[in-house]
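What follows is one structure encoded as structure tokens, with my remarks underneath.
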Amino acid sequence: MTAQQATADRINEVHERSKDLYWDPSYHVPQRDTATMFKLPKRTKDPFRHLLRLYAPSQQEKDERMYGSVTDALSRVGNRDLQPRWVESLKVSLPILTLLEIGAGRMAAILADSLDNPELRAGNMAQVVDEIRHYNMQMYLQRYWAKHWIDPEPFARGLQLKDKTIGFGPASGLTQLSAVADPIAMSINGQAVAETAYTNVIFTAVTEIAAANGDDVTPTVFLSIQSDEARHMSNGYATLAAVLSEPENLPMLQIQVDAGLRRLGLMLDGWFGTLYDYSATHRTKSYGEIWDEWVWEDFIGTYFGRLEPFGLQMPSTAEAARHHAHTAGHANALFNYGLWPLGIQRLDPPTAADCDWLESKYPGWYATYGAFWETIRDLTRPGNSGLATHALLDFLGDGQLPALCNTCSNACILPTPKESTVRIKQIDGVWLAFCTDFCEFSYVMMKQMAPGMLPAQTFFQRWDGHSLSEVVQAAGLLRADGKTLMGQPHLDLDHLWTLDDLRTADMEIRDPVRLYAERHASATVVP
């Protein structure tokens with residue numbers, strides 16, 4: 001017997017033993033501190049039966065092919081029609097994705113320790129390894145662009161600045177929330193909803209639009225990641241099947257599914273909508289069309305259609321989630337461009353052709369947003385008399401910034417700035433803002449279940465009373481020269497804004513929730 005055959009036999013023997021998952025390991029004491037309110041059967045289906053025999057070799061082969069393809073793509077970067085607008089959007093998108101991978105890995109680790117079910121535990125332990133792989137791949141991709149892009153510095157500092165800018169708030173909040181709540185609820189929200197409904201939107205649809213804009217590297221990495229996401233979806237399905245096998249779980253399960261779809265949309269759709277509809281020169285589909293294809297038709301229609309015989313209904317929040325997906329990106333793009341000094345990428349406002357395309361995909365878009373984008377085209381170069389932030393205040397009509405949601409961190413200008421569902425209320429003596437009634441409800445629930453995971457302050461509360469230039473300097477949103485802003489309102493590297501330019505057209509950040517509370521107090525004073 002050859003040494004290679006002997007090694008293979010030993011691996012196969014270990015694999016066969018791993019199928020019998022009845023034992024409690026003597027080398028590790030599971031820390032199942034987080035109890036679940038769901039009844040879970042002792043044995044279910046293991047979605048990772050092939051783990052030891054095929055998992056590691058297949059992952060090694062994928063990595064070798066992926067990194068080889070990236071090296072090959074490097075030789076062709078100068079020969080492709082690589083669109084700056086698209087690459088600049090990756091300065092924010094890649095750190096956001098890396099944050100989400102961290103959250104998914106932490107969730108899977110908690111599930112592996114918390115669930116008293118060996119098959120589900122095995123699937124989650126394998127997912128932890130997957131998420132570490134994805135984190136490394138996305139960090140490699142950021143390193144790649146930091147080495148080879150014409151404006152590299154923000155790629156090297158994205159994660160470092162994640163708490164210093166307005167753009168990362170919703171993703172940071174979602175990452176934190178992935179580590180709280182009932183373990184089964186984590187799996188339903190994270191694996192059965194987020195990874196099943198949204199990873200195709202992230203890793204499959206992005207490859208198409210990236211390639212259309214001359215980016216060969218991002219699709220190479222993302223498609224390798226998505227091949228793992230199929231297994232994570234099976235983790236979610238295995239959890240659903242286990243929970244549905246106990247009829248008493250159904251009412252609680254339906255609540256988690258309904259809330260999970262709405263929560264994911266509120267925290268992700270604004271970013272996705274901006275990425276697909278505003279960050280590409282050559283577009284394939286609108287974000288609304290992509291969401292309808294992957295979430296509305298594939299996930300809500302097909303996936304839940306097959307679960308209905310078991311009693312699980314289509315999420316009751318589906319219609320609200322769909323409306324939000326078609327509107328959130330426009331509000332998010334307006335907000336982030338209006339506050340571009342607090343970002344890390346060079347933005348590119350929509351051209352006349354872009355506006356025509358947006359109107360064709362979202363009828364009525366120009367009547368709502370056209371005036372803002374027409375105005376700021378003259379406010380991109382330093383030395384002009386105005387700042388896009390002033391244009392944002394004028395557009396909103398009341399001369400003040402929009403409140404930031406105390407639950408999801410989005411600007412409270414949803415579904416549109418002119419028809420906002422903002423709710424500013426006093427809870428336990430504290431004035432808070434919510435973008436929707438769902439976020440208000442979620443805040444109250446989290447305050448009872450996991451108060452430590454709620455954000456202590458919004459960005460505007462933290463910097464209330466400071467000038468925009470002071471915030472940029474204190475937050476470290478300057479380039480290596482100590483004077484040029486990291487974010488820019490245009491793509492022209494020859495006319496970059498500096499801190500002195502910003503001071504010339506400066507403004508003070510005033511927390512809108514504080515202003516509301518003061519007006520309310522003065523209005524209710526009895527003479």
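Just so we're on the same page: first chain in the structure tokens is A, next is B, and so on; residues restart at 1 for each chain, and ligands are numbered from 1 in the order they show up.
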Worksheet item: region 97-102 of chain A: which residues within 8 Å, counting only C-alpha atoms, same-chain residues fewer than 4 positions away excluded, as a list of chain:residue names?
Response: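 The contact residues come out as A:Ser93, A:Arg106, A:Glu131, A:Ile132, A:His134, A:Tyr135, A:Gln138, A:Met139, A:Ala171, A:Ser172, A:Leu174, A:Thr175.
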Quick one: which region 71-175 of chain A residues come within 8 Å of region 221-239 of chain A, and what is the nearest atom pair for each with the distance in Å to one decimal, counting only C-alpha atoms, rows ordered by chain and ascending number, as CSV?
residue,atom,partner,partner_atom,distance
A:Leu120,CA,A:Thr239,CA,7.1
A:Gly123,CA,A:Asn235,CA,6.2
A:Asn124,CA,A:Asn235,CA,7.2
A:Gln127,CA,A:His232,CA,6.6
A:Asp130,CA,A:Asp228,CA,6.9
A:His134,CA,A:Ile225,CA,6.3
A:Met137,CA,A:Val221,CA,7.0
A:Gln138,CA,A:Val221,CA,7.8
A:Leu141,CA,A:Val221,CA,7.7
Worksheet entry | All helix (DSSP H, G or I) residues (DSSP, backbone) inside region 407-470 of chain A, as a PyMOL selection string | chain A and resi 417-419+437-449+451-453+459-462+468-470
Please save N, CA, C and O atoms of the selected residues as a compact mmCIF listing (two decimals), in the first residue's frame.
# COMPACT_ATOMS: atom_id res chain seq x y z
N PRO A 417 -37.87 61.81 0.46
CA PRO A 417 -37.75 62.96 1.37
C PRO A 417 -39.04 63.76 1.51
O PRO A 417 -39.29 64.34 2.56
N LYS A 418 -39.85 63.80 0.47
CA LYS A 418 -41.09 64.58 0.51
C LYS A 418 -42.25 63.82 1.14
O LYS A 418 -43.27 64.41 1.47
N GLU A 419 -42.10 62.51 1.31
CA GLU A 419 -43.17 61.70 1.89
C GLU A 419 -42.60 60.82 3.00
O GLU A 419 -42.88 59.63 3.09
N ASP A 437 -42.34 52.62 11.18
CA ASP A 437 -42.96 52.04 12.38
C ASP A 437 -42.30 50.72 12.74
O ASP A 437 -42.23 50.34 13.92
N PHE A 438 -41.77 49.99 11.73
CA PHE A 438 -41.09 48.73 12.01
C PHE A 438 -39.83 48.97 12.84
O PHE A 438 -39.55 48.22 13.78
N CYS A 439 -39.06 50.01 12.50
CA CYS A 439 -37.85 50.30 13.28
C CYS A 439 -38.20 50.73 14.70
O CYS A 439 -37.47 50.42 15.65
N GLU A 440 -39.30 51.44 14.85
CA GLU A 440 -39.72 51.82 16.20
C GLU A 440 -40.08 50.57 17.01
O GLU A 440 -39.65 50.40 18.16
N PHE A 441 -40.84 49.67 16.40
CA PHE A 441 -41.21 48.42 17.07
C PHE A 441 -39.95 47.61 17.41
O PHE A 441 -39.82 47.05 18.51
N SER A 442 -39.00 47.52 16.45
CA SER A 442 -37.78 46.75 16.67
C SER A 442 -36.96 47.33 17.82
O SER A 442 -36.37 46.58 18.61
N TYR A 443 -36.92 48.65 17.91
CA TYR A 443 -36.16 49.29 18.99
C TYR A 443 -36.73 48.90 20.35
O TYR A 443 -35.99 48.56 21.28
N VAL A 444 -38.03 48.95 20.47
CA VAL A 444 -38.67 48.61 21.74
C VAL A 444 -38.39 47.16 22.11
O VAL A 444 -38.08 46.83 23.26
N MET A 445 -38.46 46.26 21.11
CA MET A 445 -38.18 44.85 21.37
C MET A 445 -36.73 44.62 21.77
O MET A 445 -36.43 43.88 22.71
N MET A 446 -35.80 45.26 21.06
CA MET A 446 -34.39 45.09 21.38
C MET A 446 -34.05 45.68 22.74
O MET A 446 -33.17 45.18 23.45
N LYS A 447 -34.70 46.75 23.08
CA LYS A 447 -34.45 47.38 24.38
C LYS A 447 -34.79 46.42 25.51
O LYS A 447 -34.15 46.42 26.57
N GLN A 448 -35.77 45.57 25.28
CA GLN A 448 -36.14 44.58 26.28
C GLN A 448 -35.22 43.37 26.26
O GLN A 448 -34.85 42.83 27.31
N MET A 449 -34.81 42.94 25.05
CA MET A 449 -34.06 41.69 24.92
C MET A 449 -32.55 41.87 25.00
O MET A 449 -31.85 41.06 25.61
N PRO A 451 -30.46 45.29 25.31
CA PRO A 451 -30.24 46.74 25.30
C PRO A 451 -28.80 47.13 25.00
O PRO A 451 -28.54 48.20 24.47
N GLY A 452 -27.85 46.26 25.33
CA GLY A 452 -26.45 46.60 25.08
C GLY A 452 -26.07 46.66 23.62
O GLY A 452 -25.01 47.20 23.27
N MET A 453 -26.91 46.12 22.73
CA MET A 453 -26.60 46.11 21.31
C MET A 453 -27.17 47.30 20.57
O MET A 453 -26.89 47.49 19.40
N PHE A 459 -24.77 59.24 14.40
CA PHE A 459 -23.63 60.05 13.96
C PHE A 459 -23.86 61.52 14.25
O PHE A 459 -22.96 62.23 14.72
N PHE A 460 -25.05 62.01 14.02
CA PHE A 460 -25.34 63.43 14.24
C PHE A 460 -25.39 63.77 15.72
O PHE A 460 -25.04 64.89 16.11
N GLN A 461 -25.82 62.86 16.54
CA GLN A 461 -25.80 63.11 17.99
C GLN A 461 -24.36 63.19 18.50
O GLN A 461 -24.04 64.01 19.36
N ARG A 462 -23.50 62.35 17.95
CA ARG A 462 -22.10 62.34 18.39
C ARG A 462 -21.39 63.64 18.04
O ARG A 462 -20.56 64.13 18.80
N LEU A 468 -18.66 70.89 9.96
CA LEU A 468 -18.36 69.76 9.08
C LEU A 468 -16.86 69.55 8.95
O LEU A 468 -16.36 68.42 8.98
N SER A 469 -16.11 70.64 8.84
CA SER A 469 -14.65 70.52 8.71
C SER A 469 -14.02 69.96 9.98
O SER A 469 -13.06 69.18 9.92
N GLU A 470 -14.57 70.31 11.14
CA GLU A 470 -14.05 69.75 12.40
C GLU A 470 -14.27 68.25 12.46
O GLU A 470 -13.39 67.50 12.92
Worksheet entry | Per-residue DSSP, region 289-502 of chain A, filtered to strand (DSSP E), as a ChimeraX atom specification | /A:423-427,430-434
Discussion item. Can you tell me which residues surround region 366-374 of chain A at a distance of at most 8 Å, considering only C-alpha atoms, apart from same-chain residues fewer than 4 positions away, and format the answer as a list in words?
Written reply: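 With the cut-off at 8 Å, the set is His330, Leu334, Pro349, Pro350, Cys355, Leu358, Glu359, Ala391, Leu392, Phe395, Thr416 and Lys418 of chain A.
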Discussion item. Just checking: using only C-alpha atoms, which residue out of A:Glu61, A:Arg381, A:Gly487, A:Ala328 ends up closest to Cys435 (chain A)?
Written reply: A:Ala328
Item to complete: Write out as a ChimeraX atom specification which residues come within 8 Å of Arg322 (chain A) when counting only C-alpha atoms, dropping same-chain ones fewer than 5 positions away.
Response: /A:291-292,296
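Using only C-alpha atoms, the contacts of Lys425 (chain A) at a cut-off of 10 Å, with sequence neighbours closer than 3 positions omitted, comprise Val422, Asp428, Gly429, Val430, Trp431, Leu432, Ala433, Phe434, Glu440, Val513, Tyr516 and Ala517 of chain A.
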Could you write out the selected residues, including N, CA and C atoms, as an mmCIF file, in the first residue's frame?
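To be explicit, this is the file written out as again.cif:
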data_model
loop_
_atom_site.group_PDB
_atom_site.id
_atom_site.type_symbol
_atom_site.label_atom_id
_atom_site.label_comp_id
_atom_site.auth_asym_id
_atom_site.auth_seq_id
_atom_site.Cartn_x
_atom_site.Cartn_y
_atom_site.Cartn_z
ATOM 1 N N VAL A 422 -40.870 59.438 8.906
ATOM 2 C CA VAL A 422 -40.076 59.645 10.119
ATOM 3 C C VAL A 422 -40.980 59.737 11.347
ATOM 4 N N ASP A 428 -38.831 56.277 27.331
ATOM 5 C CA ASP A 428 -38.126 56.254 28.626
ATOM 6 C C ASP A 428 -37.350 57.543 28.855
ATOM 7 N N GLY A 429 -37.966 58.665 28.482
ATOM 8 C CA GLY A 429 -37.354 59.962 28.734
ATOM 9 C C GLY A 429 -36.323 60.401 27.724
ATOM 10 N N VAL A 430 -36.096 59.613 26.672
ATOM 11 C CA VAL A 430 -35.083 59.937 25.663
ATOM 12 C C VAL A 430 -35.768 60.138 24.314
ATOM 13 N N TRP A 431 -35.421 61.221 23.628
ATOM 14 C CA TRP A 431 -35.971 61.488 22.301
ATOM 15 C C TRP A 431 -35.211 60.666 21.271
ATOM 16 N N LEU A 432 -35.957 59.948 20.435
ATOM 17 C CA LEU A 432 -35.370 59.055 19.441
ATOM 18 C C LEU A 432 -36.079 59.226 18.107
ATOM 19 N N ALA A 433 -35.368 58.890 17.028
ATOM 20 C CA ALA A 433 -35.943 58.976 15.681
ATOM 21 C C ALA A 433 -35.985 57.588 15.054
ATOM 22 N N PHE A 434 -37.029 57.332 14.287
ATOM 23 C CA PHE A 434 -37.185 56.062 13.588
ATOM 24 C C PHE A 434 -37.661 56.345 12.169
ATOM 25 N N GLU A 440 -39.299 51.443 14.854
ATOM 26 C CA GLU A 440 -39.723 51.815 16.200
ATOM 27 C C GLU A 440 -40.077 50.567 17.008
ATOM 28 N N VAL A 513 -32.821 65.629 15.996
ATOM 29 C CA VAL A 513 -33.655 65.129 17.089
ATOM 30 C C VAL A 513 -33.604 66.094 18.269
ATOM 31 N N TYR A 516 -35.754 69.057 17.406
ATOM 32 C CA TYR A 516 -37.170 68.704 17.525
ATOM 33 C C TYR A 516 -37.594 68.716 18.989
ATOM 34 N N ALA A 517 -36.768 68.124 19.846
ATOM 35 C CA ALA A 517 -37.104 68.071 21.273
ATOM 36 C C ALA A 517 -37.201 69.472 21.873
#
